[in-house]
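Quick notes on the structure that follows.
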Amino acid sequence: MSLLSRSLQTEWPFLVGLATTVLFLAFGRVWLADLANSVWFAVTFGWLFGAILISAFAVVRHADALAEKLGEPYGTLVLTLSMSGMEMMMITAIMYSGPSESSLARDTMLAIVMIVLNGLAGICLLFGGLRYHEQTYNLYGANAFLAVLLPLAVLGLVLPTFTVSSPGPTLSPLQSVFLILMSVGLYAVFLSIQTVRHRDYFVAPSTVGTAERHPAPEMDGEHTAHSARYHVVLLLAYVLPIVLLAKQIATPIDYGIRVLGAPAALGGLLVAVLILSPESLAAVRAALANRLQRSINLALGTALSSISLTIPAVLTIGFITGKTIVLGLEPPSMILLLLSLVVSMMTFALERTNILLGAVHLLLFLAYLMLIFQT
């Protein structure tokens with residue numbers, strides 16, 4: 001089979017995303033006008049959710065191919081920036097068509113941090129521990145992620161609850177500008193550390209114990225026949241349907257939450273699940289292949305890029321559109337966020353991981369799910 005034929009067979013998700021986008025742009029206003037019929041509601045929501053999800057998997061597939069070509073730490077950086085880019089564009093698209101006051105960005109960022117710091121990290125540590133008993137990683141890289149993530153998470157999601165210069169859990173214009181500049185500046189310094197000055201912090205150290213007893217199987221070498229330009233073009237092509245369909249799926253999500261009386265934070269969780277599902281699979285596969293460094297880079301890198309890039313983006317949108325951006329967390333969510341950050345600092349202060357650490361993080365993730373429905 002020729003390379004062209006294999007490419008056409010592999011890229012079928014693009015046709016699904018393109019067809020769904022065209023149909024909903026043409027008929028979406030009519031189809032989504034009345035969702036009172038439960039069967040039609042399930043069909044439209046499942047259709048949109050599935051189309052966005054397979055497009056997100058395709059984005060990660062091409063980002064992963066670029067990662068193999070670029071090597072570490074550039075590989076995981078491409079993946080995390082791709083996910084954060086999708087997150088920002090989905091939130092932006094939904095916010096533009098939403099109410100004048102929006103907490104979607106806050107809920108989505110909290111969901112992403114909880115999923116990657118507790119759910120994803122917990123599964124990777126648990127599965128890796130079950131297969132290899134102990135796994136090693138580069139302590140300096142994990143500490144660098146957390147050193148930037150901790151102040152940005154507290155300033156962006158905790159501090160607005162206690163400020164008094166603006167009503168509610170929001171920031172004043174001056175505070176917003178300061179947070180935008182600080183978030184972008186800190187992330188820029190971090191990227192220089194990750195890609196230039198201390199690249200070795202984010203590469204797995206050479207080990208003589210566990211890794212030699214359990215050699216890691218080779219990762220999937222799919223798409224190595226294509227050039228980097230090919231993967232970049234298709235990555236961007238798959239992102240477009242995700243952005244255009246984000247506004248469409250906002251309607252059934254809002255309708256379902258309103259009719260079922262579900263908490264508003266559930267919308268942020270659904271957006272986070274759409275964004276993180278493909279990348280989570282890649283991180284778990286890496287942990288099972290005894291490449292814990294890649295899993296940690298993906299998990300912590302996604303949490304950091306989500307906080308440091310999404311907060312400036314949504315605050316800027318607030319300035320442009322006049323929307324009120326709610327960032328401050330409620331007390332239960334605030335406590336859970338701070339507890340997750342403290343536990344992560346303790347977990348990644350050890351040079352070796354085991355199943356106990358994974359179980360602790362999974363417990364915190366289940367606590368987050370419980371608090372969504374009952375605080």
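Chain identifiers are assigned as A, B, and so on, following the order in which chains appear in the structure tokens; residues are numbered from 1 within each chain, and ligands are numbered from 1 in order of appearance.
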task = Run DSSP on the backbone and give me the residues of range 74-191 of chain A it puts in strand (DSSP E), as a PyMOL selection string.
result = chain A and resi 101-102+135-136
Keeping only C-alpha atoms, take the residues you just selected and write them out as a short mmCIF file (atom, residue, chain, number, x, y, z; two decimals), in the first residue's frame.
data_model
loop_
_atom_site.label_atom_id
_atom_site.label_comp_id
_atom_site.auth_asym_id
_atom_site.auth_seq_id
_atom_site.Cartn_x
_atom_site.Cartn_y
_atom_site.Cartn_z
CA GLU A 101 -20.50 36.82 33.61
CA SER A 102 -18.47 33.68 33.03
CA GLN A 135 10.00 4.08 38.77
CA THR A 136 12.47 6.93 38.54
#
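If you measure from each of A:Gly168, A:Gly50, A:Pro173, A:Pro331 to Phe319 in chain A using only C-alpha atoms, the closest one turns out to be A:Pro173.
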Correct to one decimal, the distance CA of Ala349 in chain A-CA of Met334 in chain A is 22.8 Å
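Nearest residue to Gly318 in chain A among A:Thr21, A:Ser172, A:Thr163, A:Ser82 is A:Ser172, counting only C-alpha atoms.
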